[in-house]
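Text of final-v8.cif (mmCIF, C-alpha atoms) as supplied:
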data_run
#
loop_
_atom_site.label_atom_id
_atom_site.label_comp_id
_atom_site.auth_asym_id
_atom_site.auth_seq_id
_atom_site.Cartn_x
_atom_site.Cartn_y
_atom_site.Cartn_z
CA MET A 697 -46.82 -13.73 7.56
CA ASN A 698 -49.15 -14.85 4.75
CA LYS A 699 -48.09 -18.45 5.26
CA LYS A 700 -48.70 -18.10 8.98
CA ARG A 701 -52.21 -16.75 8.41
CA GLU A 702 -52.90 -19.52 5.90
CA ALA A 703 -51.79 -22.14 8.44
CA ILE A 704 -54.04 -20.59 11.09
CA PHE A 705 -56.96 -20.60 8.67
CA GLN A 706 -56.37 -24.26 7.79
CA PHE A 707 -56.18 -25.22 11.46
CA LEU A 708 -59.39 -23.34 12.26
CA SER A 709 -61.16 -24.94 9.29
CA VAL A 710 -60.32 -28.43 10.52
CA LEU A 711 -61.14 -27.57 14.13
CA ILE A 712 -64.55 -26.08 13.27
CA ALA A 713 -65.38 -28.99 10.97
CA ILE A 714 -64.59 -31.49 13.74
CA ALA A 715 -66.62 -29.47 16.26
CA VAL A 716 -69.65 -29.25 13.94
CA ALA A 717 -69.45 -32.97 13.18
CA LEU A 718 -69.31 -33.86 16.87
CA ILE A 719 -72.19 -31.50 17.69
CA VAL A 720 -74.36 -33.10 14.99
CA THR A 721 -73.44 -36.54 16.31
CA PHE A 722 -74.33 -35.53 19.87
CA ILE A 723 -77.70 -34.20 18.67
CA ILE A 724 -78.39 -37.53 16.98
CA ILE A 725 -77.44 -39.35 20.17
CA LEU A 726 -79.85 -37.16 22.15
CA CYS A 727 -82.62 -38.06 19.71
CA VAL A 728 -82.13 -41.84 19.49
CA SER A 729 -80.82 -42.80 22.93
CA ASP A 730 -82.87 -43.41 26.06
CA GLU A 731 -79.81 -42.53 28.12
CA PRO A 732 -78.06 -39.77 26.14
CA VAL A 733 -75.81 -38.62 28.98
CA GLU A 734 -74.51 -42.14 29.56
CA ALA A 735 -74.08 -42.65 25.81
CA LEU A 736 -72.04 -39.44 25.47
CA LYS A 737 -69.93 -40.36 28.47
CA THR A 738 -69.26 -43.81 27.03
CA PHE A 739 -68.38 -42.34 23.63
CA ILE A 740 -65.85 -39.91 25.11
CA THR A 741 -64.27 -42.01 27.86
CA GLY A 742 -64.91 -45.55 26.58
CA PRO A 743 -61.68 -45.88 24.52
CA LEU A 744 -59.63 -45.01 27.62
CA SER A 745 -61.57 -47.15 30.10
CA THR A 746 -59.44 -50.30 29.82
CA LYS A 747 -55.99 -51.29 28.61
CA ARG A 748 -57.55 -53.49 25.93
CA ARG A 749 -59.58 -50.59 24.51
CA ILE A 750 -56.54 -48.32 24.45
CA GLY A 751 -54.84 -51.06 22.50
CA ASN A 752 -57.79 -51.17 20.10
CA VAL A 753 -57.29 -47.46 19.35
CA ILE A 754 -53.60 -47.97 18.54
CA GLU A 755 -54.36 -51.08 16.47
CA ALA A 756 -56.94 -49.19 14.42
CA MET A 757 -54.55 -46.26 14.05
CA ILE A 758 -51.74 -48.22 12.33
CA PRO A 759 -53.33 -48.89 8.90
CA LEU A 760 -54.81 -45.37 8.91
CA ILE A 761 -51.29 -43.90 9.15
CA PHE A 762 -50.19 -45.72 6.00
CA THR A 763 -53.22 -44.83 3.89
CA GLY A 764 -53.19 -41.31 5.33
CA LEU A 765 -49.59 -40.85 4.18
CA ALA A 766 -50.46 -42.26 0.76
CA ALA A 767 -53.33 -39.79 0.42
CA CYS A 768 -51.10 -36.93 1.61
CA VAL A 769 -48.57 -37.51 -1.17
CA MET A 770 -51.27 -37.63 -3.82
CA PHE A 771 -53.22 -34.69 -2.38
CA GLN A 772 -50.09 -32.55 -2.42
CA ALA A 773 -50.12 -32.91 -6.22
CA LYS A 774 -53.91 -32.35 -6.28
CA GLN A 775 -54.53 -36.02 -7.14
CA PHE A 776 -57.83 -37.15 -5.63
CA SER A 777 -57.17 -40.85 -6.18
CA LEU A 778 -58.68 -43.88 -4.42
CA ILE A 779 -55.94 -46.24 -5.57
CA GLY A 780 -54.70 -46.52 -1.98
CA ASP A 781 -57.68 -48.78 -1.32
CA GLY A 782 -56.74 -51.27 -4.04
CA SER A 783 -53.02 -51.03 -3.33
CA PHE A 784 -53.65 -51.80 0.35
CA LEU A 785 -55.62 -54.93 -0.59
CA VAL A 786 -53.28 -56.26 -3.28
CA GLY A 787 -50.21 -55.40 -1.22
CA ALA A 788 -51.46 -57.68 1.53
CA LEU A 789 -52.33 -60.37 -1.04
CA ALA A 790 -48.83 -60.23 -2.56
CA THR A 791 -47.30 -60.62 0.88
CA ALA A 792 -49.46 -63.66 1.59
CA VAL A 793 -48.63 -65.30 -1.75
CA LEU A 794 -44.90 -64.68 -1.29
CA LEU A 795 -44.77 -66.10 2.23
CA LEU A 796 -46.97 -69.11 1.42
CA LYS A 797 -45.32 -70.08 -1.89
CA CYS A 798 -41.67 -69.31 -1.12
CA ASN A 799 -39.54 -70.78 1.63
CA ILE A 800 -38.02 -67.56 2.97
CA PRO A 801 -35.58 -67.59 5.92
CA ALA A 802 -37.00 -66.20 9.16
CA VAL A 803 -34.51 -63.32 9.18
CA LEU A 804 -35.77 -62.01 5.83
CA ALA A 805 -39.44 -63.06 5.94
CA ILE A 806 -40.88 -59.86 7.42
CA PHE A 807 -38.62 -57.52 5.49
CA LEU A 808 -39.25 -59.15 2.11
CA GLY A 809 -42.95 -59.63 2.82
CA VAL A 810 -43.50 -55.95 3.59
CA LEU A 811 -41.23 -54.78 0.76
CA VAL A 812 -43.00 -56.91 -1.85
CA GLY A 813 -46.35 -55.67 -0.59
CA GLY A 814 -45.20 -52.09 -1.09
CA ILE A 815 -43.78 -52.76 -4.57
CA VAL A 816 -46.96 -54.48 -5.75
CA GLY A 817 -49.03 -51.67 -4.25
CA GLY A 818 -47.00 -49.20 -6.30
CA ILE A 819 -47.47 -51.30 -9.44
CA CYS A 820 -51.25 -51.15 -8.92
CA ALA A 821 -51.08 -47.37 -9.25
CA ILE A 822 -49.27 -47.39 -12.61
CA ILE A 823 -52.38 -47.48 -14.81
CA PRO A 824 -54.37 -44.74 -13.00
CA GLY A 825 -51.22 -42.63 -12.70
CA PHE A 826 -50.30 -42.99 -16.37
CA LEU A 827 -53.83 -42.24 -17.62
CA LYS A 828 -53.92 -39.11 -15.49
CA ALA A 829 -50.47 -37.90 -16.47
CA LYS A 830 -50.79 -38.70 -20.19
CA TRP A 831 -54.40 -37.87 -21.02
CA ASN A 832 -55.63 -36.07 -17.88
CA ALA A 833 -58.16 -38.84 -17.19
CA ASN A 834 -60.13 -38.26 -13.99
CA GLU A 835 -58.04 -40.07 -11.38
CA PHE A 836 -60.96 -40.54 -8.97
CA VAL A 837 -63.12 -42.36 -11.53
CA VAL A 838 -60.22 -44.38 -12.98
CA SER A 839 -58.91 -45.47 -9.58
CA MET A 840 -62.40 -46.39 -8.35
CA MET A 841 -63.03 -48.55 -11.43
CA PHE A 842 -59.56 -50.08 -11.25
CA ASN A 843 -60.15 -50.98 -7.60
CA SER A 844 -63.02 -53.19 -8.75
CA ILE A 845 -60.64 -55.02 -11.09
CA LEU A 846 -58.18 -55.46 -8.25
CA GLU A 847 -60.93 -56.86 -6.03
CA TYR A 848 -61.86 -59.53 -8.59
CA PHE A 849 -58.18 -60.29 -9.16
CA THR A 850 -57.72 -60.75 -5.41
CA VAL A 851 -60.66 -63.16 -5.17
CA PHE A 852 -59.32 -65.13 -8.14
CA VAL A 853 -55.87 -65.53 -6.61
CA LEU A 854 -57.27 -66.33 -3.17
CA LEU A 855 -59.66 -69.01 -4.42
CA ASN A 856 -57.30 -70.65 -6.91
CA PHE A 857 -53.84 -70.42 -5.40
CA ILE A 858 -53.71 -69.91 -1.64
CA ARG A 859 -57.13 -70.90 -0.24
CA ASP A 860 -57.14 -73.34 2.65
CA PRO A 861 -60.13 -75.69 2.08
CA GLY A 862 -60.04 -76.77 5.71
CA SER A 863 -60.27 -73.28 7.19
CA GLY A 864 -64.07 -73.29 7.50
CA PHE A 865 -64.34 -69.94 5.70
CA VAL A 866 -62.82 -68.31 2.64
CA ALA A 867 -59.24 -67.64 3.69
CA SER A 868 -55.68 -68.52 2.79
CA TYR A 869 -53.43 -71.02 4.51
CA PRO A 870 -51.96 -69.65 7.76
CA VAL A 871 -49.13 -67.16 7.31
CA PRO A 872 -45.83 -68.60 8.66
CA GLU A 873 -45.25 -67.66 12.29
CA ASN A 874 -41.72 -66.44 11.54
CA ALA A 875 -43.22 -63.67 9.40
CA LYS A 876 -45.68 -62.37 11.99
CA LEU A 877 -45.17 -58.94 13.56
CA SER A 878 -44.97 -59.48 17.29
CA SER A 879 -47.14 -57.71 19.89
CA PHE A 880 -45.25 -55.67 22.46
CA ILE A 881 -48.05 -54.66 24.86
CA SER A 882 -49.55 -57.46 26.94
CA LYS A 883 -53.28 -58.23 26.59
CA THR A 884 -53.46 -56.25 23.32
CA ASN A 885 -52.66 -56.82 19.65
CA VAL A 886 -50.52 -53.69 19.37
CA HIS A 887 -47.70 -54.90 17.16
CA THR A 888 -44.34 -53.68 15.92
CA GLY A 889 -45.95 -52.44 12.73
CA LEU A 890 -46.56 -49.25 14.71
CA PHE A 891 -42.84 -48.49 14.52
CA ILE A 892 -42.82 -49.17 10.78
CA ALA A 893 -45.73 -46.74 10.40
CA LEU A 894 -43.98 -44.01 12.42
CA PHE A 895 -40.79 -44.59 10.45
CA MET A 896 -42.74 -44.04 7.24
CA VAL A 897 -44.15 -40.81 8.68
CA VAL A 898 -40.60 -39.48 9.12
CA ILE A 899 -39.48 -40.69 5.69
CA THR A 900 -42.52 -39.23 3.92
CA ALA A 901 -42.21 -35.87 5.71
CA LEU A 902 -38.52 -35.63 4.81
CA PHE A 903 -39.27 -36.61 1.22
CA MET A 904 -42.04 -34.04 0.80
CA TYR A 905 -40.27 -31.09 2.46
CA LYS A 906 -36.55 -31.78 2.14
CA THR A 907 -36.09 -33.18 -1.35
CA LYS A 908 -36.25 -31.69 -4.83
CA TRP A 909 -38.84 -34.24 -5.97
CA GLY A 910 -41.07 -33.52 -3.01
CA TYR A 911 -40.86 -29.82 -3.81
CA SER A 912 -41.83 -30.58 -7.41
CA ILE A 913 -44.88 -32.52 -6.22
CA ARG A 914 -46.01 -29.61 -4.08
CA MET A 915 -45.40 -27.09 -6.86
CA VAL A 916 -47.38 -29.11 -9.41
CA GLY A 917 -50.23 -29.31 -6.90
CA LYS A 918 -50.28 -25.54 -6.45
CA ASN A 919 -49.85 -24.49 -10.07
CA PRO A 920 -49.27 -27.16 -12.75
CA LYS A 921 -48.97 -24.66 -15.64
CA PHE A 922 -46.36 -22.56 -13.86
CA SER A 923 -44.49 -25.73 -12.86
CA LYS A 924 -44.40 -26.90 -16.45
CA TYR A 925 -43.12 -23.56 -17.73
CA SER A 926 -40.47 -23.44 -15.01
CA GLY A 927 -38.99 -26.73 -16.20
CA ILE A 928 -40.62 -29.29 -13.91
CA ASN A 929 -41.53 -32.56 -15.62
CA THR A 930 -45.22 -32.51 -14.68
CA PHE A 931 -45.88 -35.86 -16.40
CA MET A 932 -43.38 -37.67 -14.19
CA VAL A 933 -44.49 -35.83 -11.06
CA ILE A 934 -48.16 -36.74 -11.53
CA PHE A 935 -47.28 -40.28 -12.57
CA SER A 936 -44.84 -40.88 -9.73
CA CYS A 937 -46.89 -39.38 -6.90
CA GLN A 938 -49.62 -41.98 -7.42
CA ILE A 939 -47.05 -44.79 -7.55
CA ILE A 940 -45.48 -43.52 -4.32
CA GLY A 941 -48.93 -43.36 -2.73
CA GLY A 942 -49.68 -46.89 -3.91
CA PHE A 943 -46.34 -48.10 -2.52
CA ILE A 944 -47.07 -46.66 0.94
CA ALA A 945 -50.60 -48.09 0.94
CA GLY A 946 -49.22 -51.49 -0.13
CA LEU A 947 -46.84 -51.39 2.83
CA GLY A 948 -49.83 -50.71 5.05
CA GLY A 949 -51.69 -53.75 3.72
CA SER A 950 -48.68 -55.99 4.37
CA VAL A 951 -48.19 -54.63 7.89
CA GLU A 952 -51.89 -55.04 8.71
CA LEU A 953 -51.88 -58.63 7.50
CA LEU A 954 -48.72 -59.62 9.36
CA GLY A 955 -49.67 -57.77 12.52
CA MET A 956 -53.39 -58.45 12.94
CA TYR A 957 -54.28 -61.60 10.96
CA ASP A 958 -53.24 -65.23 10.81
CA ARG A 959 -54.55 -65.66 7.25
CA PHE A 960 -55.34 -63.50 4.25
CA GLN A 961 -59.15 -63.32 4.15
CA TRP A 962 -60.18 -60.07 2.42
CA GLN A 963 -62.41 -60.50 -0.62
CA SER A 964 -62.97 -56.79 -1.14
CA THR A 965 -61.15 -53.59 -0.27
CA PRO A 966 -61.33 -52.95 3.49
CA GLY A 967 -62.08 -49.25 2.94
CA TYR A 968 -58.83 -47.87 4.31
CA GLY A 969 -58.26 -45.82 1.16
CA PHE A 970 -61.28 -43.64 1.84
CA ASP A 971 -60.33 -43.47 5.52
CA GLY A 972 -56.84 -42.39 4.49
CA MET A 973 -58.36 -39.44 2.64
CA THR A 974 -60.13 -38.39 5.84
CA VAL A 975 -56.89 -38.67 7.78
CA ALA A 976 -55.00 -36.62 5.17
CA ILE A 977 -57.68 -33.92 5.30
CA LEU A 978 -57.50 -33.83 9.10
CA ALA A 979 -53.71 -33.54 8.83
CA ALA A 980 -54.00 -30.69 6.28
CA ASN A 981 -51.93 -32.85 3.88
CA ASN A 982 -48.94 -32.63 6.21
CA PRO A 983 -47.33 -36.08 6.67
CA ALA A 984 -45.99 -35.10 10.10
CA LEU A 985 -49.56 -34.58 11.35
CA VAL A 986 -50.95 -37.83 9.93
CA PRO A 987 -50.52 -39.79 13.22
CA ILE A 988 -52.71 -37.19 14.97
CA GLY A 989 -55.43 -37.48 12.32
CA ALA A 990 -55.21 -41.28 12.42
CA LEU A 991 -55.40 -41.28 16.20
CA PHE A 992 -58.50 -39.06 16.16
CA LEU A 993 -60.34 -41.24 13.63
CA ALA A 994 -59.33 -44.44 15.43
CA TYR A 995 -60.43 -42.97 18.77
CA ILE A 996 -63.93 -42.02 17.61
CA ARG A 997 -64.33 -45.42 15.94
CA VAL A 998 -63.47 -47.29 19.11
CA GLY A 999 -65.64 -44.85 21.08
CA THR A 1000 -68.67 -45.47 18.87
CA ASP A 1001 -68.06 -49.22 18.99
CA VAL A 1002 -68.00 -49.19 22.80
CA MET A 1003 -71.05 -46.92 22.86
CA ALA A 1004 -72.96 -49.26 20.51
CA ARG A 1005 -72.26 -52.26 22.75
CA VAL A 1006 -73.12 -50.50 26.01
CA THR A 1007 -76.03 -48.29 24.89
CA SER A 1008 -78.72 -48.27 22.20
CA VAL A 1009 -76.83 -45.92 19.85
CA PRO A 1010 -75.64 -47.64 16.62
CA ASN A 1011 -71.95 -47.41 15.74
CA GLU A 1012 -72.82 -46.04 12.28
CA SER A 1013 -72.61 -42.62 13.94
CA VAL A 1014 -68.87 -42.63 13.17
CA ASN A 1015 -69.75 -42.50 9.47
CA ILE A 1016 -71.75 -39.34 10.17
CA ILE A 1017 -68.74 -37.72 11.85
CA GLN A 1018 -66.39 -38.78 9.05
CA GLY A 1019 -68.75 -37.64 6.29
CA ILE A 1020 -69.45 -34.23 7.81
CA ILE A 1021 -65.74 -33.57 8.42
CA MET A 1022 -64.89 -34.30 4.78
CA LEU A 1023 -67.89 -32.30 3.55
CA LEU A 1024 -67.05 -29.20 5.56
CA ILE A 1025 -63.31 -29.18 4.98
CA THR A 1026 -63.44 -29.89 1.26
CA ALA A 1027 -66.31 -27.50 0.51
CA SER A 1028 -64.79 -24.62 -1.44
CA ALA A 1029 -67.11 -22.07 0.14
CA PHE A 1030 -66.44 -23.20 3.72
CA LEU A 1031 -65.07 -20.23 5.68
CA SER A 1032 -64.26 -18.52 2.35
CA ARG A 1033 -65.37 -15.15 3.70
CA THR A 1034 -63.11 -15.53 6.73
CA LYS A 1035 -60.19 -16.49 4.50
CA HIS A 1036 -60.86 -13.49 2.26
CA LYS A 1037 -60.78 -11.15 5.26
CA MET A 1038 -57.50 -12.70 6.45
CA VAL A 1039 -55.91 -12.19 3.01
CA ILE A 1040 -57.04 -8.55 2.90
CA ARG A 1041 -55.82 -7.91 6.44
CA SER A 1042 -52.47 -9.49 5.60
CA ALA A 1043 -52.12 -7.34 2.46
CA LYS A 1044 -52.93 -4.20 4.43
CA ASP A 1045 -50.34 -5.09 7.07
CA GLU A 1046 -47.70 -5.63 4.38
CA GLN A 1047 -48.62 -2.31 2.73
CA LYS A 1048 -48.41 -0.51 6.06
CA LYS A 1049 -44.95 -1.96 6.70
CA MET A 1050 -43.73 -0.88 3.28
CA LYS A 1051 -44.93 2.71 3.93
CA GLU A 1052 -43.17 2.76 7.30
CA VAL A 1053 -39.92 1.59 5.69
CA ALA A 1054 -40.24 4.19 2.96
#
Take the structure from the file and write it as structure tokens.
Amino acid sequence: MNKKREAIFQFLSVLIAIAVALIVTFIIILCVSDEPVEALKTFITGPLSTKRRIGNVIEAMIPLIFTGLAACVMFQAKQFSLIGDGSFLVGALATAVLLLKCNIPAVLAIFLGVLVGGIVGGICAIIPGFLKAKWNANEFVVSMMFNSILEYFTVFVLLNFIRDPGSGFVASYPVPENAKLSSFISKTNVHTGLFIALFMVVITALFMYKTKWGYSIRMVGKNPKFSKYSGINTFMVIFSCQIIGGFIAGLGGSVELLGMYDRFQWQSTPGYGFDGMTVAILAANNPALVPIGALFLAYIRVGTDVMARVTSVPNESVNIIQGIIMLLITASAFLSRTKHKMVIRSAKDEQKKMKEVA
């Protein structure tokens, strides 16, 4: 019963945070738009108005699923790490280097490209993970600083090893066509990476809730001291959860490159690591709910983009929604009184049942 009440509380927290964020956004729209009703209508219905825009929502959703899953794994162990951002970037870079420098058969090109991207993404998380596990270094600060190193490393490799001087802009040579993820919905760029993302959702959910290691990650996140005294290797759990998160984010970078781009052209992190944190928060750190969180964030982004092109409202409003959601959900005092009442009510119910049995 306590778990049920806790789940209800979590759901209500997310729901209220989303509602407050949307209300604030609507108030801003009313203040800055000459046609607020039309702007609101466009924001809500715009992503569903054409087949192409529906495709845009799904396209934007795919990388968010990967980084959302990466954040979920790390959040379950109470690791607030941004390494998913750097792993996403370098994972895509590794895929590009592999496919451009090695003559890989068409049958293996996609598989090896995505796999190498994931492995390199996991390697990127070794240093932040080790520093956290060994010396309890702040994972947020370390990962943020290490992401800067990864950005400069990416630019170095791009400019010196794979840049196409005839491209007209800073980008690599074209990725071989036999390694591209094909689109399966006409007049959109919705690619088969969607199925890889959904497959990873299933794998991550099974890992977190059906394996001993996943249980250890969740236990360390809830009470690291108790976990250590009960025999769980907390060092390896903390170290490995960041590597697993980096691996998933690296897969996402590879899939995004092969599905949406002809060349590697990122010179800085695309920001999907921070977005993944938002998705994980919306999903209450449950991998099975990550596609819903990713869909919501992708939908409001496409909605604000359509609204910005049709009306006078800037598309930066999506950042307001995203920021308020994170602020409200992560605030320790948010709905704390309501949660306290629920805990007391649950305890009273349990006490009443015990008296009835006696």
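Put simply, CA of Phe807 (chain A) is 18.1 Å away from CA of Ser783 (chain A).
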Selected residue of minimal separation from Ala821 (chain A) among A:Ile940, A:Lys921, A:Val871, A:Asp1001, counting only C-alpha atoms: A:Ile940
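Minimum atom-to-atom distances from A:Val933, A:Ala875, A:Val975, A:Ile939 to Leu795 (chain A) were compared using only C-alpha atoms, and the lowest value belongs to A:Ala875.
If only C-alpha atoms are the atoms counted, then among A:Asn832, A:Thr884, A:Asn929, A:Thr1007 the closest residue to Asn752 (chain A) is A:Thr884.
Applied to this file, the PyMOL selection byres ((chain A and resi 756) around 10) selects Gly751, Asn752, Val753, Ile754, Glu755, Met757, Ile758, Pro759, Leu760, Ile761, Val886, Glu952, Ala990, Leu991, Leu993, Ala994, Tyr995, Arg997 and Val998 of chain A.
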Sel. within 12 Å of pt (-58.7, -38.0, -1.2), counting only C-alpha atoms, output as a PyMOL selection string: chain A and resi 763-781+835-836+839-840+938+941+968-978+980-981+1022-1023+1025-1026
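For the residues A:Arg1005, A:Arg748, A:Lys1048, A:Arg959, ranking by smallest atom-to-atom distance to Ser863 (chain A) using only C-alpha atoms places A:Arg959 first.
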Name the residues captured by the PyMOL selection byres ((chain A and resi 796) around 12) when it is applied to the shown file; answer as a JSON list (two decimals) with C-alpha atoms, keeping the file's coordinate frame.
[["chain", "number", "residue", "atom", "x", "y", "z"],
["A", 789, "LEU", "CA", -52.33, -60.37, -1.04],
["A", 790, "ALA", "CA", -48.83, -60.23, -2.56],
["A", 791, "THR", "CA", -47.30, -60.62, 0.88],
["A", 792, "ALA", "CA", -49.46, -63.66, 1.59],
["A", 793, "VAL", "CA", -48.63, -65.30, -1.75],
["A", 794, "LEU", "CA", -44.90, -64.68, -1.29],
["A", 795, "LEU", "CA", -44.77, -66.10, 2.23],
["A", 797, "LYS", "CA", -45.32, -70.08, -1.89],
["A", 798, "CYS", "CA", -41.67, -69.31, -1.12],
["A", 799, "ASN", "CA", -39.54, -70.78, 1.63],
["A", 800, "ILE", "CA", -38.02, -67.56, 2.97],
["A", 805, "ALA", "CA", -39.44, -63.06, 5.94],
["A", 809, "GLY", "CA", -42.95, -59.63, 2.82],
["A", 854, "LEU", "CA", -57.27, -66.33, -3.17],
["A", 857, "PHE", "CA", -53.84, -70.42, -5.40],
["A", 858, "ILE", "CA", -53.71, -69.91, -1.64],
["A", 859, "ARG", "CA", -57.13, -70.90, -0.24],
["A", 860, "ASP", "CA", -57.14, -73.34, 2.65],
["A", 868, "SER", "CA", -55.68, -68.52, 2.79],
["A", 869, "TYR", "CA", -53.43, -71.02, 4.51],
["A", 870, "PRO", "CA", -51.96, -69.65, 7.76],
["A", 871, "VAL", "CA", -49.13, -67.16, 7.31],
["A", 872, "PRO", "CA", -45.83, -68.60, 8.66],
["A", 873, "GLU", "CA", -45.25, -67.66, 12.29],
["A", 874, "ASN", "CA", -41.72, -66.44, 11.54],
["A", 875, "ALA", "CA", -43.22, -63.67, 9.40],
["A", 958, "ASP", "CA", -53.24, -65.23, 10.81],
["A", 959, "ARG", "CA", -54.55, -65.66, 7.25],
["A", 960, "PHE", "CA", -55.34, -63.50, 4.25]]
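Distances to Phe891 (chain A) were evaluated for A:Pro801, A:Gly782, A:Pro743, A:Gly948 using only C-alpha atoms, and the minimum falls at A:Gly948.
Nearest to Gly817 (chain A) of all the residues A:Ser729, A:Thr900, A:Thr738, A:Ser950 is A:Ser950, counting only C-alpha atoms.
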Mind dumping a table of every region 937-1002 of chain A residue within 8 Å of region 844-848 of chain A, with the nearest atom pair and its distance in Å to one decimal, using only C-alpha atoms, sorted by chain and rising number, as CSV?
residue,atom,partner,partner_atom,distance
A:Gln963,CA,A:Glu847,CA,6.7
A:Ser964,CA,A:Glu847,CA,5.3
A:Thr965,CA,A:Glu847,CA,6.6
Point-to-point distance from CA of Met896 (chain A) to CA of Pro987 (chain A), Å rounded to tenths: 10.7 Å
